[in-house]
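Participant: I am sharing run26.txt, which consists of compact mmCIF, C-alpha atoms:
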# COMPACT_ATOMS: atom_id res chain seq x y z
CA MET A 1 -29.49 15.39 48.98
CA PHE A 2 -26.24 14.05 50.42
CA LEU A 3 -27.24 10.47 49.59
CA ARG A 4 -28.00 11.44 46.00
CA LEU A 5 -24.54 12.99 45.65
CA LEU A 6 -23.03 9.87 47.19
CA ARG A 7 -24.87 7.68 44.65
CA VAL A 8 -23.72 9.89 41.77
CA GLY A 9 -20.15 9.68 43.09
CA LYS A 10 -20.34 5.87 43.24
CA LEU A 11 -21.77 5.76 39.74
CA ALA A 12 -19.03 8.06 38.44
CA ARG A 13 -16.35 5.91 40.11
CA ALA A 14 -17.79 2.75 38.58
CA LEU A 15 -18.00 4.44 35.19
CA ARG A 16 -14.41 5.60 35.50
CA MET A 17 -13.23 2.08 36.27
CA VAL A 18 -15.02 0.72 33.19
CA THR A 19 -13.63 3.37 30.86
CA THR A 20 -10.15 3.15 32.36
CA SER A 21 -9.97 -0.59 32.00
CA ASN A 22 -11.35 -0.88 28.45
CA ALA A 23 -11.27 2.32 26.47
CA LEU A 24 -7.96 3.72 27.62
CA GLN A 25 -5.90 0.60 27.03
CA SER A 26 -5.12 1.76 23.53
CA LEU A 27 -4.08 5.18 24.79
CA GLU A 28 -1.87 3.61 27.42
CA LEU A 29 -0.20 1.44 24.79
CA LEU A 30 0.30 4.45 22.50
CA LEU A 31 1.93 6.42 25.29
CA LYS A 32 4.25 3.52 26.16
CA CYS A 33 5.29 3.23 22.52
CA LEU A 34 5.88 6.98 22.21
CA VAL A 35 8.02 7.06 25.34
CA ALA A 36 10.06 4.13 24.04
CA SER A 37 10.63 5.87 20.70
CA VAL A 38 11.85 9.23 22.02
CA ASN A 39 15.49 8.14 22.14
CA MET A 40 15.37 6.75 18.60
CA LEU A 41 13.62 9.88 17.35
CA CYS A 42 16.31 12.15 18.80
CA TRP A 43 19.15 10.14 17.28
CA SER A 44 17.39 9.97 13.93
CA PHE A 45 16.92 13.72 13.94
CA ILE A 46 20.57 14.29 14.83
CA LEU A 47 21.77 11.94 12.07
CA LEU A 48 19.57 13.60 9.44
CA PHE A 49 20.61 17.06 10.58
CA VAL A 50 24.33 16.24 10.40
CA VAL A 51 24.06 14.67 6.95
CA GLN A 52 22.00 17.60 5.67
CA CYS A 53 24.48 20.09 7.12
CA ILE A 54 27.42 18.34 5.46
CA ALA A 55 25.67 18.26 2.09
CA GLY A 56 24.57 21.88 2.55
CA MET A 57 28.10 23.04 3.36
CA ILE A 58 29.43 21.33 0.24
CA ILE A 59 26.81 23.01 -1.96
CA ALA A 60 27.18 26.41 -0.25
CA ASN A 61 30.94 26.37 -0.72
CA LEU A 62 30.60 25.45 -4.39
CA VAL A 63 28.02 28.18 -4.99
CA ARG A 64 29.79 30.86 -2.94
CA TYR A 65 32.23 31.68 -5.72
CA TYR A 66 29.43 32.08 -8.26
CA ILE A 67 27.47 34.37 -5.91
CA SER A 68 30.50 36.55 -5.14
CA ASP A 69 31.52 36.88 -8.82
CA GLU A 70 30.10 40.22 -9.96
CA SER A 71 30.46 39.34 -13.64
CA ASN A 72 27.41 37.06 -13.26
CA SER A 73 23.96 38.59 -13.53
CA TRP A 74 22.48 40.10 -10.39
CA GLU A 75 19.18 38.19 -10.75
CA THR A 76 20.94 34.83 -10.93
CA ARG A 77 23.21 35.65 -7.99
CA ARG A 78 20.16 36.76 -5.98
CA ALA A 79 18.25 33.57 -6.82
CA LEU A 80 21.24 31.49 -5.71
CA PHE A 81 21.59 33.58 -2.54
CA ILE A 82 17.94 32.97 -1.67
CA TYR A 83 18.56 29.21 -1.69
CA TYR A 84 22.23 28.91 -0.70
CA GLY A 85 23.45 32.30 0.54
CA THR A 86 23.76 31.61 4.27
CA PHE A 87 24.01 28.56 6.49
CA THR A 88 20.40 28.83 7.61
CA ARG A 89 19.14 29.32 4.06
CA THR A 90 21.17 26.34 2.88
CA SER A 91 19.90 24.20 5.79
CA LEU A 92 16.32 25.09 4.94
CA THR A 93 16.95 24.37 1.27
CA MET A 94 18.47 20.98 2.05
CA PHE A 95 15.45 20.18 4.22
CA GLU A 96 13.15 21.19 1.35
CA ILE A 97 15.15 19.07 -1.08
CA LEU A 98 14.85 16.04 1.17
CA PHE A 99 11.20 16.33 2.24
CA ALA A 100 9.45 18.70 -0.15
CA ASN A 101 9.73 20.14 -3.65
CA TRP A 102 13.35 19.70 -4.64
CA ALA A 103 13.09 20.83 -8.27
CA PRO A 104 13.35 24.63 -7.84
CA ALA A 105 16.46 24.45 -5.66
CA CYS A 106 18.05 22.02 -8.11
CA ARG A 107 17.01 23.92 -11.24
CA VAL A 108 18.51 27.22 -10.13
CA LEU A 109 21.91 25.53 -9.87
CA VAL A 110 21.63 23.31 -12.93
CA GLU A 111 20.44 26.07 -15.26
CA ASN A 112 22.72 28.83 -13.99
CA VAL A 113 25.90 27.30 -12.57
CA SER A 114 26.55 23.77 -13.87
CA GLU A 115 24.65 20.73 -14.99
CA TRP A 116 26.87 18.58 -12.81
CA PHE A 117 24.78 19.63 -9.80
CA SER A 118 22.00 17.40 -11.11
CA ILE A 119 24.13 14.34 -10.34
CA PHE A 120 24.70 15.60 -6.80
CA PHE A 121 20.98 16.15 -6.24
CA LEU A 122 20.00 12.80 -7.72
CA LEU A 123 22.48 11.01 -5.48
CA TYR A 124 21.41 13.07 -2.48
CA ARG A 125 17.74 12.29 -3.06
CA CYS A 126 18.33 8.60 -3.73
CA VAL A 127 20.74 7.96 -0.88
CA LEU A 128 19.16 10.20 1.73
CA GLY A 129 15.61 10.40 0.49
CA PHE A 130 15.07 6.73 -0.13
CA ALA A 131 17.71 4.65 1.59
CA LEU A 132 18.42 6.51 4.82
CA ILE A 133 14.84 7.65 5.46
CA ASN A 134 13.44 4.15 4.88
CA VAL A 135 16.02 2.55 7.16
CA LEU A 136 15.27 5.13 9.85
CA ASN A 137 11.54 4.48 9.44
CA ALA A 138 12.03 0.73 9.81
CA VAL A 139 14.18 1.09 12.91
CA PHE A 140 11.80 3.65 14.37
CA VAL A 141 8.77 1.39 13.84
CA GLN A 142 10.60 -1.60 15.30
CA GLN A 143 11.69 0.42 18.35
CA THR A 144 8.17 1.79 18.78
CA LEU A 145 6.50 -1.61 18.61
CA LYS A 146 8.89 -3.23 21.06
CA PRO A 147 6.89 -2.16 24.17
CA ALA A 148 3.70 -3.48 22.60
CA SER A 149 5.23 -6.90 22.06
CA THR A 150 6.69 -7.11 25.56
CA ASP A 151 3.68 -5.73 27.44
CA GLU A 152 2.51 -8.57 29.70
CA ASP A 153 -0.84 -6.97 30.53
CA LEU A 154 -1.66 -6.55 26.87
CA ALA A 155 -0.62 -10.12 26.09
CA PHE A 156 -2.72 -11.46 28.99
CA LYS A 157 -5.79 -9.50 27.91
CA GLN A 158 -5.34 -10.62 24.31
CA LYS A 159 -5.06 -14.22 25.46
CA GLN A 160 -8.28 -13.85 27.45
CA LYS A 161 -10.06 -12.44 24.40
CA ASP A 162 -8.76 -15.30 22.26
CA GLN A 163 -9.99 -17.83 24.84
CA VAL A 164 -13.47 -16.26 24.90
CA LYS A 165 -13.63 -16.37 21.09
CA TYR A 166 -12.48 -19.98 21.05
CA THR A 167 -15.04 -20.94 23.68
CA GLN A 168 -17.80 -19.28 21.67
CA LYS A 169 -16.74 -21.12 18.51
CA VAL A 170 -16.63 -24.50 20.27
CA LYS A 171 -20.01 -23.86 21.90
CA LYS A 172 -21.50 -22.91 18.54
CA MET A 173 -20.04 -26.06 16.96
CA PHE A 174 -21.51 -28.32 19.66
CA GLU A 175 -24.87 -26.57 19.37
CA SER A 176 -24.89 -27.23 15.64
CA VAL A 177 -24.03 -30.92 16.20
CA ASP A 178 -26.68 -31.30 18.95
CA VAL A 179 -29.67 -32.07 16.73
CA SER A 180 -32.10 -32.96 19.53
CA SER A 181 -31.21 -29.90 21.67
CA ASP A 182 -30.86 -32.05 24.80
CA GLY A 183 -27.26 -31.02 25.53
CA GLY A 184 -25.74 -34.26 24.27
CA VAL A 185 -23.94 -35.15 21.12
Show this structure as structure tokens.
Facilitator:
Amino acid sequence: MFLRLLRVGKLARALRMVTTSNALQSLELLLKCLVASVNMLCWSFILLFVVQCIAGMIIANLVRYYISDESNSWETRRALFIYYGTFTRTSLTMFEILFANWAPACRVLVENVSEWFSIFFLLYRCVLGFALINVLNAVFVQQTLKPASTDEDLAFKQKQKDQVKYTQKVKKMFESVDVSSDGGV
């Protein structure tokens, strides 16, 4: 019984070595890339948060007077308060404008307060939504792929695979040239 357990243990250890060396290489590379990108991710988040807060404070201050003016209809003031009434509501709205459905938050201002807000939202979406996000994506991808390009183990294993493929191609070529199958050309 003890010998059977010992054999199973040896088999499990051998199996673990095979799976660790081949199947988990991709996972190891993914983890290295994620660890390398944490710093960039934090700074990207901080930059987006600051820009969204600045834009949100500008909008909230412009809308505050309309919300506090009791001569405006209560329904309109309530709709504006839902989107821009507090700092947290404005932050959430600016996040929605950047990453989700931006039309309702824009429409409530354009239709009720001023059409000039449409220019602000178009600029905000174009500058932040397209330019800044795409630049951050490019830098993030470049920073994430840096460990993959500098990983010596990965490069060595890839070179070994390339050599095996090349050897197989050359062998196949010589076999196709060897008409008499005697091992000579």
Participant: Choose the residue, out of A:Lys165, A:Lys146, A:Arg7, A:Arg64, that has the smallest atom-to-atom separation from A:Leu109; count only C-alpha atoms.
Facilitator: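 Ranking A:Lys165, A:Lys146, A:Arg7, A:Arg64 by distance to A:Leu109, first place goes to A:Arg64.
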Participant: One number please: atom CA of A:Leu132 to atom CA of A:Leu41, in Å, one decimal.
Facilitator: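 Separating atom CA of A:Leu132 from atom CA of A:Leu41 is a distance of 13.8 Å.
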Participant: In Å, rounded to a single decimal, give me how far atom CA of A:Ile67 is from atom CA of A:Glu96.
Facilitator: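 Between atom CA of A:Glu96 and atom CA of A:Ile67 the gap works out to 20.8 Å.
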Participant: One decimal, in Å: what's the spacing between atom CA of A:Ile54 and atom CA of A:Thr90?
Facilitator: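 Computed distance, atom CA of A:Ile54 to atom CA of A:Thr90, equals 10.5 Å.
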Participant: Kindly indicate which residue among A:Cys106, A:Phe81, A:Glu70, A:Ile46 lies nearest to A:Phe120, using only C-alpha atoms for the distances.
Facilitator: A:Cys106
